[in-house]
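Pasting query28.csv here (CSV, C-alpha atoms):
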```csv
chain,number,residue,atom,x,y,z
A,982,MET,CA,-63.3,14.8,220.9
A,983,ASP,CA,-62.2,18.4,220.3
A,984,LYS,CA,-63.3,18.0,216.7
A,985,CYS,CA,-66.8,17.2,217.9
A,986,ASN,CA,-67.2,20.7,219.4
A,987,GLU,CA,-66.4,22.3,216.1
A,988,ASN,CA,-69.3,23.9,214.3
A,989,PRO,CA,-69.2,22.8,210.7
A,990,LEU,CA,-70.9,26.1,209.7
A,991,GLN,CA,-68.1,28.0,211.2
A,992,THR,CA,-65.3,25.9,209.9
A,993,ASN,CA,-66.6,25.1,206.5
A,994,LYS,CA,-67.9,28.4,205.3
A,995,VAL,CA,-68.4,28.4,201.6
A,996,PRO,CA,-68.7,31.8,200.1
A,997,PHE,CA,-71.4,32.1,197.5
A,998,ASP,CA,-73.3,34.7,195.6
A,999,PRO,CA,-77.0,34.9,196.4
A,1000,GLY,CA,-79.3,33.9,193.6
A,1001,TRP,CA,-81.9,36.1,192.0
A,1002,ASN,CA,-84.7,34.4,194.0
A,1003,ASP,CA,-82.9,34.3,197.4
A,1004,PRO,CA,-84.7,36.2,200.2
A,1005,PRO,CA,-83.0,39.4,201.3
A,1006,LYS,CA,-81.0,39.4,204.5
A,1007,PHE,CA,-82.2,41.7,207.2
A,1008,SER,CA,-79.9,43.4,209.7
A,1009,TYR,CA,-81.5,43.0,213.1
A,1010,ASN,CA,-78.9,45.2,214.7
A,1011,ALA,CA,-79.7,48.2,212.6
A,1012,GLN,CA,-81.0,51.2,214.5
A,1013,GLN,CA,-84.7,51.4,214.5
A,1014,THR,CA,-85.9,54.6,212.9
A,1015,THR,CA,-88.7,56.5,214.5
A,1016,PRO,CA,-91.9,56.5,212.4
A,1017,ASN,CA,-92.7,59.7,210.7
A,1018,ARG,CA,-95.1,61.9,212.6
A,1019,PRO,CA,-98.3,62.6,210.9
A,1020,ARG,CA,-98.5,66.1,209.5
A,1021,ASN,CA,-100.8,68.6,210.9
A,1022,PHE,CA,-103.5,69.3,208.3
A,1023,LEU,CA,-104.6,72.8,208.7
A,1024,ASN,CA,-107.4,72.6,206.2
A,1025,LYS,CA,-109.5,70.2,208.1
A,1026,ARG,CA,-113.0,71.4,209.1
A,1027,VAL,CA,-114.0,71.7,212.7
A,1028,ALA,CA,-117.4,70.3,213.4
A,1029,PHE,CA,-119.9,72.8,214.4
A,1030,PRO,CA,-121.1,72.1,218.0
A,1031,LEU,CA,-124.7,71.0,218.2
A,1032,SER,CA,-127.2,72.7,220.4
A,1033,GLY,CA,-127.0,71.6,223.9
A,1034,THR,CA,-123.4,70.4,223.6
A,1035,GLY,CA,-120.5,72.4,224.7
A,1036,SER,CA,-120.6,76.0,225.9
A,1037,SER,CA,-122.4,78.5,223.6
A,1038,PRO,CA,-121.0,82.0,223.4
A,1039,ALA,CA,-122.7,84.6,225.6
A,1040,PRO,CA,-125.1,86.9,223.6
A,1041,ILE,CA,-123.8,90.4,223.0
A,1042,ALA,CA,-125.9,93.0,224.9
A,1043,PRO,CA,-127.3,95.7,222.6
A,1044,ILE,CA,-125.7,99.2,223.0
A,1045,ASN,CA,-128.3,101.8,223.9
A,1046,LEU,CA,-127.2,105.0,222.2
A,1047,PRO,CA,-128.8,108.3,223.2
A,1048,PRO,CA,-131.4,109.6,220.7
A,1049,LEU,CA,-130.2,112.2,218.3
A,1050,PRO,CA,-131.6,115.6,219.0
A,1051,MET,CA,-134.2,116.7,216.3
A,1052,PRO,CA,-133.6,120.1,214.9
A,1053,THR,CA,-136.4,122.5,215.7
A,1054,MET,CA,-137.5,124.8,212.9
A,1055,THR,CA,-139.1,128.1,213.7
A,1056,LEU,CA,-141.1,129.6,211.0
A,1057,PRO,CA,-140.8,133.4,210.6
A,1058,GLN,CA,-143.9,135.2,211.7
A,1059,ILE,CA,-145.3,137.4,209.0
A,1060,GLN,CA,-146.3,140.8,210.3
A,1061,ASN,CA,-149.2,142.4,208.7
A,1062,ASN,CA,-149.1,145.5,210.8
A,1063,SER,CA,-149.2,147.9,207.9
A,1064,LYS,CA,-152.3,146.3,206.4
A,1065,ASN,CA,-154.1,146.2,209.8
A,1066,GLU,CA,-153.1,149.8,210.5
A,1067,THR,CA,-154.5,150.8,207.0
A,1068,GLU,CA,-157.8,149.1,207.7
A,1069,ASP,CA,-158.1,151.0,210.9
A,1070,ILE,CA,-157.6,154.4,209.2
A,1071,ALA,CA,-160.8,156.3,208.6
A,1072,ILE,CA,-160.8,157.6,205.0
A,1073,ASP,CA,-163.3,159.2,202.6
A,1074,SER,CA,-163.5,156.5,200.0
A,1075,GLU,CA,-165.6,158.4,197.5
A,1076,SER,CA,-163.3,161.5,197.7
A,1077,ILE,CA,-160.2,159.3,197.1
A,1078,LEU,CA,-161.9,157.6,194.2
A,1079,LYS,CA,-162.7,161.0,192.6
A,1080,GLU,CA,-159.1,162.1,193.0
A,1081,VAL,CA,-157.6,158.9,191.6
A,1082,LYS,CA,-159.9,158.8,188.6
A,1083,ASN,CA,-159.3,162.5,187.7
A,1084,MET,CA,-155.5,162.0,187.8
A,1085,LEU,CA,-155.6,158.9,185.7
A,1086,LEU,CA,-158.0,160.3,183.1
A,1087,GLN,CA,-155.8,163.4,182.5
A,1088,PHE,CA,-153.3,161.0,180.9
A,1089,VAL,CA,-156.0,159.3,178.9
A,1090,ASP,CA,-157.4,162.7,177.6
A,1091,SER,CA,-154.0,164.0,176.7
A,1092,GLY,CA,-154.2,162.3,173.2
A,1093,GLU,CA,-150.8,160.7,173.5
A,1094,LEU,CA,-152.1,157.1,174.0
A,1095,GLY,CA,-153.9,156.8,170.6
A,1096,SER,CA,-156.0,153.7,170.2
A,1097,LYS,CA,-155.1,152.5,173.7
A,1098,ALA,CA,-157.1,155.3,175.3
A,1099,ASN,CA,-160.5,153.6,174.9
A,1100,ASP,CA,-159.3,150.3,176.5
A,1101,ILE,CA,-157.7,152.2,179.4
A,1102,ARG,CA,-160.8,154.2,180.0
A,1103,LYS,CA,-162.9,151.0,180.2
A,1104,ARG,CA,-160.5,149.6,182.8
A,1105,ILE,CA,-160.8,152.7,184.9
A,1106,ASP,CA,-164.6,152.4,184.7
A,1107,VAL,CA,-164.3,148.8,186.0
A,1108,MET,CA,-162.1,150.0,188.9
A,1109,GLU,CA,-164.7,152.7,189.8
A,1110,ASP,CA,-167.5,150.2,189.8
A,1111,MET,CA,-165.7,147.8,192.1
A,1112,TRP,CA,-164.6,150.7,194.3
A,1113,LEU,CA,-168.2,151.9,194.8
A,1114,ASN,CA,-169.5,148.4,195.5
A,1115,GLY,CA,-167.0,147.9,198.3
A,1116,LYS,CA,-164.9,145.3,196.5
A,1117,LEU,CA,-161.7,147.2,197.0
A,1118,ASN,CA,-160.4,147.5,200.6
A,1119,LYS,CA,-158.8,150.5,202.2
A,1120,ASP,CA,-155.3,149.3,201.5
A,1121,ILE,CA,-155.9,149.2,197.7
A,1122,GLN,CA,-157.6,152.6,197.8
A,1123,ILE,CA,-154.7,154.3,199.6
A,1124,ARG,CA,-152.1,152.6,197.3
A,1125,MET,CA,-154.0,153.6,194.2
A,1126,LYS,CA,-153.9,157.3,195.4
A,1127,GLU,CA,-150.1,157.0,195.9
A,1128,LEU,CA,-149.8,155.5,192.5
A,1129,ALA,CA,-151.8,158.2,190.8
A,1130,CYS,CA,-149.8,160.9,192.6
A,1131,ALA,CA,-146.5,159.3,191.6
A,1132,LEU,CA,-147.6,159.5,187.9
A,1133,CYS,CA,-148.6,163.1,188.3
A,1134,ASN,CA,-145.3,163.9,189.9
A,1135,ASP,CA,-143.3,162.3,187.1
A,1136,GLN,CA,-142.2,159.3,189.2
A,1137,PRO,CA,-143.3,156.4,186.9
A,1138,THR,CA,-140.7,154.1,188.5
A,1139,LYS,CA,-142.3,154.5,191.9
A,1140,ALA,CA,-145.8,154.0,190.4
A,1141,ASP,CA,-144.6,150.8,188.8
A,1142,GLU,CA,-143.4,149.5,192.2
A,1143,ILE,CA,-146.8,150.2,193.7
A,1144,HIS,CA,-148.5,148.5,190.8
A,1145,LYS,CA,-146.3,145.3,191.4
A,1146,SER,CA,-147.0,145.3,195.1
A,1147,LEU,CA,-150.8,145.5,194.4
A,1148,MET,CA,-150.6,142.6,192.0
A,1149,VAL,CA,-148.8,140.5,194.6
A,1150,ASP,CA,-150.9,141.4,197.6
A,1151,HIS,CA,-154.4,141.8,196.0
A,1152,VAL,CA,-154.2,140.1,192.6
A,1153,SER,CA,-157.8,138.7,192.8
A,1154,ALA,CA,-159.2,142.2,193.4
A,1155,VAL,CA,-157.2,144.2,190.9
A,1156,CYS,CA,-156.4,141.8,188.1
A,1157,THR,CA,-159.5,142.8,186.0
A,1158,TRP,CA,-158.6,146.5,185.7
A,1159,MET,CA,-154.9,146.8,186.6
A,1160,SER,CA,-153.8,146.2,183.0
A,1161,GLY,CA,-155.1,149.6,182.0
A,1162,VAL,CA,-153.2,151.3,184.8
A,1163,LYS,CA,-150.1,149.3,183.7
A,1164,GLN,CA,-150.4,150.8,180.2
A,1165,LEU,CA,-150.5,154.3,181.7
A,1166,ILE,CA,-147.3,153.5,183.8
A,1167,HIS,CA,-145.4,152.3,180.7
A,1168,HIS,CA,-146.5,155.3,178.7
A,1169,CYS,CA,-145.2,157.6,181.5
A,1170,ILE,CA,-141.9,155.7,181.7
A,1171,ALA,CA,-141.4,156.0,177.9
A,1172,ARG,CA,-142.3,159.7,178.0
A,1173,SER,CA,-139.9,160.3,180.9
A,1174,GLU,CA,-137.1,158.6,179.0
A,1175,LEU,CA,-137.7,160.7,175.9
A,1176,LEU,CA,-137.6,163.9,177.9
A,1177,ASN,CA,-134.3,162.9,179.4
A,1178,ILE,CA,-132.9,162.2,175.9
A,1179,ASP,CA,-134.1,165.6,174.7
A,1180,LYS,CA,-132.5,167.3,177.7
A,1181,GLN,CA,-129.1,165.6,177.0
A,1182,GLU,CA,-129.2,166.6,173.3
A,1183,SER,CA,-130.1,170.2,174.2
A,1184,ASN,CA,-127.2,170.3,176.6
A,1185,ASP,CA,-124.8,169.0,174.0
```
Transcribe the structure of this file into structure tokens.
Amino acid sequence: MDKCNENPLQTNKVPFDPGWNDPPKFSYNAQQTTPNRPRNFLNKRVAFPLSGTGSSPAPIAPINLPPLPMPTMTLPQIQNNSKNETEDIAIDSESILKEVKNMLLQFVDSGELGSKANDIRKRIDVMEDMWLNGKLNKDIQIRMKELACALCNDQPTKADEIHKSLMVDHVSAVCTWMSGVKQLIHHCIARSELLNIDKQESND
């Protein structure tokens, strides 16, 4: 009876090599391995929330900056006091014209100007005609007297400065005849330079 309890699989174990087509043997007691955790994909896109879903960010309030101060430019005030004062002076216009013309013509009649003398005389006649017809104001008349006196006093540089100021301030009134006066000024400047050279040579 004892032999009946024997398990033939236990007693009659026949060792054999598994064939090439035998199924593999699994070990059920093996420690189960935890499945690999999925990796975090950092390159996945996040869906943009649709309008009405979720909380939208609060709008940024505009920053109110104070307005920049605008620079104020003040234009310089031009003072014409000298001209206004000149217009207020009572002068004898015809007497001044006679003096100016005589002083200028003495250079023309000196014979040093050559062929330029006739053109300069014509320019002086134009000045006289405009003077008598009231086309030259008091400021021009007074400056012309100062110019003629500077030439007579051997101050051609001063006369040239007066000539330039007249051309700047009253060009429309003096442009037709001032070229003749300019030739007189240049003649006097050249003569003054020659006299200075003669003085230096005589001193040597």
(message) Let me make sure I understand: among A:Met1111, A:Val1081, A:Ile1101, A:Ile1143, which one has the smallest atom-to-atom distance to Leu1165 of chain A if we use only C-alpha atoms?
(response) A:Ile1101
(request) Please provide the set of residues having any atom within 10 Å of Leu1128 of chain A, restricted to only C-alpha atoms, with same-chain residues fewer than 6 positions apart removed, written as a ChimeraX atom specification. (result) /A:1081,1084-1085,1122,1134,1136-1137,1139-1144,1162,1166
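Residues in contact with Phe1088 of chain A at up to 12 Å, not including ones fewer than 3 positions away on its chain and judged by all atoms listed in the file, are A:Val1081, A:Lys1082, A:Asn1083, A:Met1084, A:Leu1085, A:Ser1091, A:Gly1092, A:Glu1093, A:Leu1094, A:Gly1095, A:Lys1097, A:Ala1098, A:Asn1099, A:Ile1101, A:Arg1102, A:Ile1105, A:Ala1129, A:Leu1132, A:Cys1133, A:Asp1135, A:Gly1161, A:Val1162, A:Gln1164, A:Leu1165, A:Ile1166, A:His1167, A:His1168, A:Cys1169, A:Arg1172.
When only C-alpha atoms are used to compute distances to Glu1127 of chain A, the closest of the residues A:Glu1174, A:Glu1075, A:Glu1080, A:Asp1100 turns out to be A:Glu1080.
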(request) Show me as a VMD selection string the residues that reach within 12 Å of (-165.7, 150.3, 188.9), counting only C-alpha atoms and using the file's own coordinates. (result) chain A and resid 1075 1078 to 1079 1082 1102 to 1117 1154 to 1155 1157 to 1159
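Counting from atom CA of Asn1177 of chain A, the distance to atom CA of Leu1086 of chain A is 24.1 Å.
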(request) Measure the distance from atom CA of Ala1131 of chain A to atom CA of Lys1119 of chain A in Å and round it to one decimal. (result) 18.5 Å
(message) Restricting the calculation to only C-alpha atoms: of A:Glu1182, A:Ser1096, A:Ile1123, A:Val1089, which residue gets closest to Asp1073 of chain A?
(response) A:Ile1123
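Atom pair atom CA of Ser1076 of chain A / atom CA of His1151 of chain A has a distance of 21.7 Å (rounded to one decimal).
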